[in-house]
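For reference, input.cif (mmCIF, C-alpha atoms):
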data_query
#
loop_
_atom_site.label_atom_id
_atom_site.label_comp_id
_atom_site.auth_asym_id
_atom_site.auth_seq_id
_atom_site.Cartn_x
_atom_site.Cartn_y
_atom_site.Cartn_z
CA MET A 889 0.00 0.00 0.00
CA THR A 890 1.28 3.46 -0.87
CA SER A 891 1.47 6.29 1.65
CA VAL A 892 -1.23 8.12 -0.34
CA GLY A 893 -3.45 5.04 -0.09
CA PHE A 894 -2.84 4.88 3.66
CA GLY A 895 -3.66 8.59 3.99
CA VAL A 896 -6.94 8.24 2.07
CA ALA A 897 -7.86 5.13 4.11
CA LEU A 898 -7.22 7.12 7.30
CA ALA A 899 -9.33 10.03 5.96
CA ALA A 900 -12.14 7.55 5.14
CA LEU A 901 -11.96 6.20 8.68
CA VAL A 902 -12.10 9.68 10.25
CA ALA A 903 -14.98 10.74 7.96
CA GLY A 904 -16.73 7.45 8.80
CA VAL A 905 -16.44 8.15 12.53
CA LEU A 906 -18.00 11.60 12.01
CA ALA A 907 -20.85 10.05 9.98
CA ALA A 908 -21.33 7.37 12.66
CA ALA A 909 -21.57 10.11 15.32
CA LEU A 910 -24.26 11.84 13.21
CA ALA A 911 -26.11 8.50 12.90
CA LEU A 912 -26.11 8.15 16.70
CA ARG A 913 -27.08 11.81 17.26
CA PRO A 914 -29.26 12.88 14.29
CA SER A 915 -30.34 15.95 16.27
CA TRP A 916 -26.85 17.37 15.61
CA THR A 917 -27.92 17.95 12.00
CA SER A 918 -30.54 20.58 13.03
CA GLY A 919 -29.94 24.33 13.22
CA SER A 920 -27.38 26.45 11.36
CA ARG A 921 -24.37 24.76 12.99
CA GLY A 922 -26.01 21.39 12.40
CA TRP A 923 -26.43 22.27 8.72
CA LEU A 924 -22.70 22.98 8.44
CA LEU A 925 -21.72 19.83 10.36
CA SER A 926 -24.03 17.59 8.31
CA PHE A 927 -22.90 19.20 5.03
CA LEU A 928 -19.31 18.45 6.02
CA GLY A 929 -19.93 14.93 7.36
CA LEU A 930 -22.59 13.70 4.95
CA PHE A 931 -21.66 15.42 1.72
CA LEU A 932 -18.28 17.15 1.41
CA LEU A 933 -16.01 14.62 3.17
CA PRO A 934 -17.67 11.44 1.83
CA VAL A 935 -17.61 12.75 -1.76
CA ALA A 936 -13.98 13.92 -1.46
CA VAL A 937 -12.83 10.66 0.16
CA THR A 938 -14.66 8.54 -2.44
CA TRP A 939 -13.12 10.57 -5.28
CA ALA A 940 -9.64 10.20 -3.76
CA GLY A 941 -10.24 6.49 -3.12
CA VAL A 942 -11.17 5.85 -6.76
CA SER A 943 -7.96 7.63 -7.84
CA VAL A 944 -5.87 5.55 -5.42
CA HIS A 945 -7.45 2.30 -6.60
CA LEU A 946 -7.01 3.22 -10.27
CA GLU A 947 -3.34 4.02 -9.66
CA GLU A 948 -2.71 0.83 -7.67
CA ALA A 949 -4.49 -1.19 -10.37
CA LYS A 950 -1.52 -0.38 -12.62
CA SER A 951 0.93 -2.24 -10.36
CA THR A 952 2.48 -5.55 -11.35
CA GLU A 953 1.70 -6.86 -7.85
CA PHE A 954 -2.00 -6.07 -8.42
CA CYS A 955 -2.19 -7.96 -11.75
CA LEU A 956 -0.31 -10.98 -10.40
CA SER A 957 -2.43 -11.21 -7.25
CA CYS A 958 -4.84 -13.49 -9.19
CA HIS A 959 -3.41 -17.02 -9.44
CA GLU A 960 -4.34 -17.30 -13.15
CA MET A 961 -1.77 -14.60 -13.93
CA GLN A 962 1.10 -16.06 -11.93
CA PRO A 963 2.66 -18.05 -14.82
CA TYR A 964 2.59 -14.84 -16.86
CA GLY A 965 4.39 -13.10 -14.00
CA ALA A 966 6.90 -15.96 -13.84
CA SER A 967 7.70 -15.38 -17.53
CA LEU A 968 8.94 -11.90 -16.58
CA ARG A 969 11.61 -13.45 -14.36
CA ALA A 970 12.54 -16.36 -16.61
CA ASP A 971 16.27 -16.51 -17.25
CA ARG A 972 15.68 -16.37 -21.01
CA ALA A 973 17.00 -13.27 -22.71
CA ASP A 974 15.23 -14.21 -25.95
CA TRP A 975 11.74 -14.09 -24.42
CA LEU A 976 10.08 -10.69 -24.89
CA PRO A 977 8.55 -10.23 -21.40
CA ALA A 978 11.77 -11.34 -19.71
CA SER A 979 13.99 -9.07 -21.81
CA HIS A 980 11.66 -6.10 -21.30
CA TYR A 981 11.24 -6.62 -17.54
CA GLN A 982 14.82 -7.52 -16.70
CA ASN A 983 16.39 -4.77 -18.84
CA ARG A 984 13.97 -2.13 -17.54
CA ARG A 985 12.44 -1.50 -20.96
CA VAL A 986 9.24 -1.36 -18.94
CA SER A 987 8.88 -0.21 -15.35
CA ARG A 988 9.08 -3.26 -13.08
CA ASP A 989 6.39 -1.75 -10.86
CA THR A 990 3.89 -1.48 -13.74
CA ALA A 991 5.17 -4.13 -16.18
CA CYS A 992 1.79 -5.66 -17.14
CA TYR A 993 0.09 -2.29 -17.53
CA ASP A 994 2.92 -0.79 -19.63
CA CYS A 995 2.40 -3.37 -22.40
CA HIS A 996 -1.30 -4.15 -22.00
CA THR A 997 -2.91 -0.72 -21.74
CA ASP A 998 -4.15 0.97 -24.92
CA TYR A 999 -2.14 4.06 -25.81
CA THR A 1000 -5.22 6.01 -26.95
CA MET A 1001 -7.26 8.87 -25.49
CA PHE A 1002 -9.51 6.56 -23.46
CA GLY A 1003 -7.02 3.69 -23.25
CA ASP A 1004 -6.92 3.77 -19.46
CA VAL A 1005 -10.69 3.45 -19.28
CA SER A 1006 -10.84 0.53 -21.70
CA ALA A 1007 -7.98 -1.18 -19.83
CA LYS A 1008 -9.93 -0.84 -16.57
CA LEU A 1009 -13.10 -2.17 -18.22
CA ARG A 1010 -11.15 -5.20 -19.45
CA GLY A 1011 -9.85 -5.58 -15.88
CA ALA A 1012 -13.43 -5.57 -14.57
CA LYS A 1013 -14.24 -8.30 -17.12
CA HIS A 1014 -11.26 -10.32 -15.80
CA VAL A 1015 -12.66 -10.08 -12.26
CA TRP A 1016 -16.09 -11.22 -13.49
CA VAL A 1017 -14.56 -14.22 -15.27
CA HIS A 1018 -12.41 -14.98 -12.20
CA TYR A 1019 -15.49 -15.36 -9.99
CA PHE A 1020 -18.31 -16.35 -12.34
CA GLY A 1021 -16.79 -17.48 -15.65
CA ASP A 1022 -14.84 -20.43 -17.02
CA ILE A 1023 -11.15 -19.71 -16.68
CA PRO A 1024 -9.22 -21.20 -19.62
CA PRO A 1025 -6.22 -23.37 -18.76
CA THR A 1026 -2.77 -21.75 -18.62
CA GLY A 1027 -1.56 -21.14 -22.13
CA GLU A 1028 -5.05 -20.87 -23.58
CA ILE A 1029 -5.88 -17.46 -22.09
CA GLU A 1030 -6.18 -15.05 -25.00
CA LEU A 1031 -6.50 -11.29 -25.37
CA TYR A 1032 -10.03 -10.02 -26.05
CA THR A 1033 -8.81 -8.25 -29.19
CA PRO A 1034 -5.66 -8.72 -31.32
CA TYR A 1035 -2.57 -7.01 -29.90
CA GLN A 1036 -1.97 -3.68 -31.64
CA ASN A 1037 1.44 -2.52 -32.96
CA ARG A 1038 0.52 0.86 -31.45
CA GLU A 1039 1.34 -0.48 -27.97
CA CYS A 1040 4.86 -1.54 -29.05
CA LEU A 1041 5.48 1.59 -31.11
CA HIS A 1042 4.50 3.80 -28.17
CA CYS A 1043 8.03 3.14 -26.85
CA HIS A 1044 9.91 1.67 -29.84
CA GLY A 1045 8.63 4.08 -32.49
CA GLY A 1046 11.26 6.73 -33.15
CA ALA A 1047 13.94 4.83 -31.24
CA ARG A 1048 17.14 4.79 -33.31
CA VAL A 1049 18.14 1.23 -32.43
CA PHE A 1050 14.67 0.06 -33.52
CA GLU A 1051 14.30 2.08 -36.73
CA GLU A 1052 17.87 1.49 -37.97
CA SER A 1053 17.70 -2.24 -37.33
CA ILE A 1054 17.93 -4.07 -40.69
CA LEU A 1055 14.98 -6.22 -39.60
CA HIS A 1056 12.69 -3.23 -39.05
CA ALA A 1057 13.95 -0.56 -41.46
CA ASP A 1058 12.28 -1.99 -44.56
CA ILE A 1059 8.87 -2.55 -42.97
CA LEU A 1060 8.49 0.54 -40.78
CA GLY A 1061 5.56 1.84 -42.85
CA GLU A 1062 3.74 -1.49 -42.72
CA LEU A 1063 4.28 -1.69 -38.97
CA GLU A 1064 2.90 1.80 -38.45
CA ARG A 1065 -0.14 1.09 -40.62
CA GLY A 1066 -0.72 -2.26 -38.90
CA GLU A 1067 -0.33 -4.19 -42.16
CA VAL A 1068 2.35 -6.31 -40.50
CA SER A 1069 1.93 -7.26 -36.85
CA CYS A 1070 4.90 -7.16 -34.50
CA LEU A 1071 3.74 -10.60 -33.38
CA ASP A 1072 4.09 -11.97 -36.93
CA CYS A 1073 7.81 -12.17 -36.22
CA HIS A 1074 7.97 -12.07 -32.44
CA GLY A 1075 5.42 -14.87 -32.19
CA GLU A 1076 4.63 -16.37 -28.84
CA VAL A 1077 5.21 -13.88 -26.07
CA HIS A 1078 4.79 -15.26 -22.56
CA HIS A 1079 5.80 -18.92 -23.15
CA VAL A 1080 3.75 -19.98 -20.11
CA THR A 1081 3.69 -23.63 -21.15
CA GLU A 1082 7.49 -23.78 -21.38
CA LEU A 1083 8.31 -22.50 -17.90
CA ASP A 1084 9.04 -25.88 -16.29
CA GLY A 1085 12.75 -26.23 -15.68
CA VAL A 1086 13.56 -22.67 -16.73
CA GLU A 1087 15.73 -20.87 -14.19
CA THR A 1088 14.43 -17.74 -12.52
CA TRP A 1089 16.28 -14.44 -12.52
CA GLU A 1090 16.04 -12.24 -9.43
CA PRO A 1091 17.11 -8.59 -9.39
CA ALA A 1092 19.93 -7.76 -6.98
CA PRO A 1093 18.64 -6.04 -3.84
CA ARG A 1094 18.81 -2.27 -4.19
CA ALA A 1095 21.01 -1.79 -1.07
CA ALA A 1096 23.58 -4.33 -2.29
CA THR A 1097 23.63 -2.68 -5.72
CA ALA A 1098 24.27 0.70 -4.10
CA GLU A 1099 27.11 -0.74 -1.98
CA MET A 1100 28.71 -2.33 -5.05
CA ALA A 1101 28.50 0.99 -6.87
CA GLU A 1102 30.10 2.80 -3.93
CA GLY A 1103 32.83 0.13 -3.70
CA GLY A 1104 33.56 0.46 -7.40
CA GLU A 1105 33.93 4.21 -7.17
CA SER A 1106 36.36 4.21 -4.21
CA MET B 413 -39.00 12.92 13.73
CA ALA B 414 -39.19 11.91 10.06
CA ALA B 415 -36.36 14.33 9.28
CA GLU B 416 -34.21 12.85 12.04
CA ARG B 417 -34.93 9.34 10.77
CA ARG B 418 -33.82 10.33 7.25
CA SER B 419 -30.67 11.94 8.67
CA ARG B 420 -29.94 8.82 10.71
CA TRP B 421 -30.30 6.56 7.64
CA ALA B 422 -28.15 8.88 5.52
CA ALA B 423 -25.43 9.01 8.17
CA LEU B 424 -25.56 5.24 8.69
CA MET B 425 -25.14 4.51 4.98
CA VAL B 426 -22.30 7.02 4.66
CA ALA B 427 -20.55 5.61 7.77
CA VAL B 428 -20.75 1.98 6.62
CA GLY B 429 -19.75 2.95 3.07
CA LEU B 430 -16.70 4.87 4.29
CA LEU B 431 -15.69 1.98 6.57
CA VAL B 432 -15.85 -0.43 3.61
CA GLN B 433 -13.82 2.05 1.53
CA ALA B 434 -11.18 2.36 4.29
CA LEU B 435 -10.84 -1.44 4.51
CA SER B 436 -10.64 -1.85 0.73
CA LEU B 437 -7.89 0.77 0.50
CA VAL B 438 -5.49 -1.21 2.69
CA TRP B 439 -5.80 -4.31 0.46
CA ASN B 440 -4.24 -4.13 -3.01
CA HIS B 441 -6.27 -6.74 -4.91
CA PRO B 442 -8.84 -6.66 -7.77
CA THR B 443 -11.53 -7.85 -5.36
CA SER B 444 -10.90 -4.86 -3.07
CA PHE B 445 -11.40 -2.51 -6.03
CA VAL B 446 -14.74 -4.15 -6.79
CA LEU B 447 -15.68 -4.02 -3.08
CA PHE B 448 -14.81 -0.31 -3.02
CA LEU B 449 -16.99 0.51 -6.03
CA VAL B 450 -19.91 -1.89 -5.63
CA VAL B 451 -20.37 -1.66 -1.85
CA GLY B 452 -18.44 1.36 -0.50
CA ALA B 453 -19.11 3.93 -3.21
CA VAL B 454 -22.73 2.84 -3.73
CA LEU B 455 -23.49 3.12 0.01
CA VAL B 456 -21.85 6.55 0.21
CA LEU B 457 -23.75 7.70 -2.89
CA ALA B 458 -27.06 6.42 -1.45
CA GLY B 459 -26.29 8.18 1.86
CA VAL B 460 -25.40 11.47 0.16
CA VAL B 461 -28.57 11.36 -1.99
CA THR B 462 -30.68 10.62 1.10
CA TYR B 463 -29.01 13.52 2.92
CA LEU B 464 -29.64 15.93 0.02
CA ALA B 465 -33.28 14.77 -0.23
CA ASP B 466 -33.65 15.32 3.52
CA ARG B 467 -32.27 18.86 3.18
CA ALA B 468 -34.59 19.61 0.28
CA LEU B 469 -37.61 18.31 2.18
CA ARG B 470 -36.67 20.34 5.29
CA ALA B 471 -36.34 23.50 3.18
CA GLY B 472 -39.66 22.82 1.43
#
Spell out the structure here as structure tokens.
Amino acid sequence: MTSVGFGVALAALVAGVLAAALALRPSWTSGSRGWLLSFLGLFLLPVAVTWAGVSVHLEEAKSTEFCLSCHEMQPYGASLRADRADWLPASHYQNRRVSRDTACYDCHTDYTMFGDVSAKLRGAKHVWVHYFGDIPPTGEIELYTPYQNRECLHCHGGARVFEESILHADILGELERGEVSCLDCHGEVHHVTELDGVETWEPAPRAATAEMAEGGES
Amino acid sequence: MAAERRSRWAALMVAVGLLVQALSLVWNHPTSFVLFLVVGAVLVLAGVVTYLADRALRAG
């Protein structure tokens, strides 16, 4: 939980105590002072706290920890830490081409005006399927719609190493127009059925990394 | 008396809704997000609407 999340939770608790006091003493809502107290406790604070709470939840829903908290997604999370440099999720996660804190979101949101909203709606659909639907076996979970080049080009588009690569240079136009899919060449992405026996890579703890850096400098 | 009863219901719904919201905010999981929206936010909204209706009726 973030410190902002803790702060909003605390604010919700305090506002809840005020509302509970008004429930026990409804006479406090009468008179001019009562009007002010009830406006604060039954309108202003609850609305503000709910608004802040939605923002906190939306922000935390971007975290890798959040996505991998459902067991169906754990093999996909494991593919991020697979010691296989040739696997796309592993190479992106381990080389910090995506933020490790928001790895799933960085590749699976839509980079459009309302992309965040559609990503959240897809997330709500995941929750529905988790509780009430038939969850496909690992390896058979598919995206609701074909993966768009737009999501890859959001970061890779304009990058020199990408555009000057002999593999990409000749088909840049087709990639931008979506006539050729990135996945036509990059094929299977998460390799969730091939994880058995694959070693796991763990990032070095931050403190140890800092000490090594200090040692190297001295 | 009717006004006090409406105020009591409004305050009760807001209090329970905010408590659910507080609990959901300390748990980072998709279910907590759903709990926040479907239970917490709906209860707070119902409480706020009841409160505003109470105020309108008192003024009228």
Requested in this report: Using all atoms listed in the file, find the one residue out of A:Trp1016, A:Ala978, A:Ser1006, A:Leu968 that sits nearest to chain B.
Outcome: A:Trp1016
Report task. Kindly provide, as a PyMOL selection string, the polymer residues lying within 7 Å of (-0.8, -0.8, 1.5), counting only C-alpha atoms and using the coordinates exactly as they appear in the file. Result -> (chain A and resi 889-890+893-894) or (chain B and resi 438-440)
Requested in this report: Just the residues within 7 Å of Ala422 of chain B, please, counting all atoms listed in the file, with nothing from its chain fewer than 5 positions along; format it as an MDAnalysis selection string.
Outcome: chainID B and resid 459:460 462:463
Query - Surrounding residues of Glu416 of chain B excluding itself and chain neighbours under 5 positions, 9 Å, only C-alpha atoms, as a list in words - result: Arg913, Pro914, Ser915, Thr917 and Ser918 of chain A; Trp421 and Asp466 of chain B
**Report entry** atom CA of Gly1027 of chain A to atom CA of Val986 of chain A, distance in Å rounded to a single decimal
**Finding:**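 Rounded to one decimal, the two atoms are 22.8 Å apart.
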Query - Interface residues on chain A facing chain B, 9 Å, only C-alpha atoms, written as JSON, numbers by chain - result: {"A": [889, 890, 893, 894, 896, 897, 898, 899, 900, 901, 902, 903, 904, 905, 906, 907, 908, 909, 910, 911, 912, 913, 914, 915, 917, 918, 923, 926, 927, 929, 930, 931, 934, 935, 937, 938, 941, 942, 944, 945, 946, 948, 949, 953, 954, 955, 957, 958, 1011, 1012, 1015]}
Requested in this report: On this file, the PyMOL selection byres ((chain A and resi 1087) around 8) gives some set of residues; write that set as a ChimeraX atom specification.
Outcome: /A:970-971,1085-1086,1088-1089
Query raised in the report: Could you work out how far atom CA of Arg969 of chain A lies from atom CA of Gln982 of chain A, giving the answer in Å with one decimal?
Result: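 That distance, rounded to one decimal, is 7.1 Å.
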Requested in this report: Please measure the separation of atom CA of Asp1058 of chain A and atom CA of Leu976 of chain A, giving the value in Å to one decimal.
Outcome: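 One can read the atom CA of Asp1058 of chain A to atom CA of Leu976 of chain A distance as 21.6 Å.
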Requested in this report: Evaluate the PyMOL selection byres ((chain A and resi 1042) around 12) here and jot the selected residues down as a ChimeraX atom specification.
Outcome: /A:985-986,994-1000,1036-1041,1043-1047,1064
Write a file of the just-selected residues containing C-alpha atoms, as a PDB file, keeping the file's coordinate frame.
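Generated output (selection.pdb):
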ATOM      1  CA  ARG A 985      12.440  -1.500 -20.960  1.00  0.00           C
ATOM      2  CA  VAL A 986       9.240  -1.360 -18.940  1.00  0.00           C
ATOM      3  CA  ASP A 994       2.920  -0.790 -19.630  1.00  0.00           C
ATOM      4  CA  CYS A 995       2.400  -3.370 -22.400  1.00  0.00           C
ATOM      5  CA  HIS A 996      -1.300  -4.150 -22.000  1.00  0.00           C
ATOM      6  CA  THR A 997      -2.910  -0.720 -21.740  1.00  0.00           C
ATOM      7  CA  ASP A 998      -4.150   0.970 -24.920  1.00  0.00           C
ATOM      8  CA  TYR A 999      -2.140   4.060 -25.810  1.00  0.00           C
ATOM      9  CA  THR A1000      -5.220   6.010 -26.950  1.00  0.00           C
ATOM     10  CA  GLN A1036      -1.970  -3.680 -31.640  1.00  0.00           C
ATOM     11  CA  ASN A1037       1.440  -2.520 -32.960  1.00  0.00           C
ATOM     12  CA  ARG A1038       0.520   0.860 -31.450  1.00  0.00           C
ATOM     13  CA  GLU A1039       1.340  -0.480 -27.970  1.00  0.00           C
ATOM     14  CA  CYS A1040       4.860  -1.540 -29.050  1.00  0.00           C
ATOM     15  CA  LEU A1041       5.480   1.590 -31.110  1.00  0.00           C
ATOM     16  CA  CYS A1043       8.030   3.140 -26.850  1.00  0.00           C
ATOM     17  CA  HIS A1044       9.910   1.670 -29.840  1.00  0.00           C
ATOM     18  CA  GLY A1045       8.630   4.080 -32.490  1.00  0.00           C
ATOM     19  CA  GLY A1046      11.260   6.730 -33.150  1.00  0.00           C
ATOM     20  CA  ALA A1047      13.940   4.830 -31.240  1.00  0.00           C
ATOM     21  CA  GLU A1064       2.900   1.800 -38.450  1.00  0.00           C
TER      22      GLU A1064
END
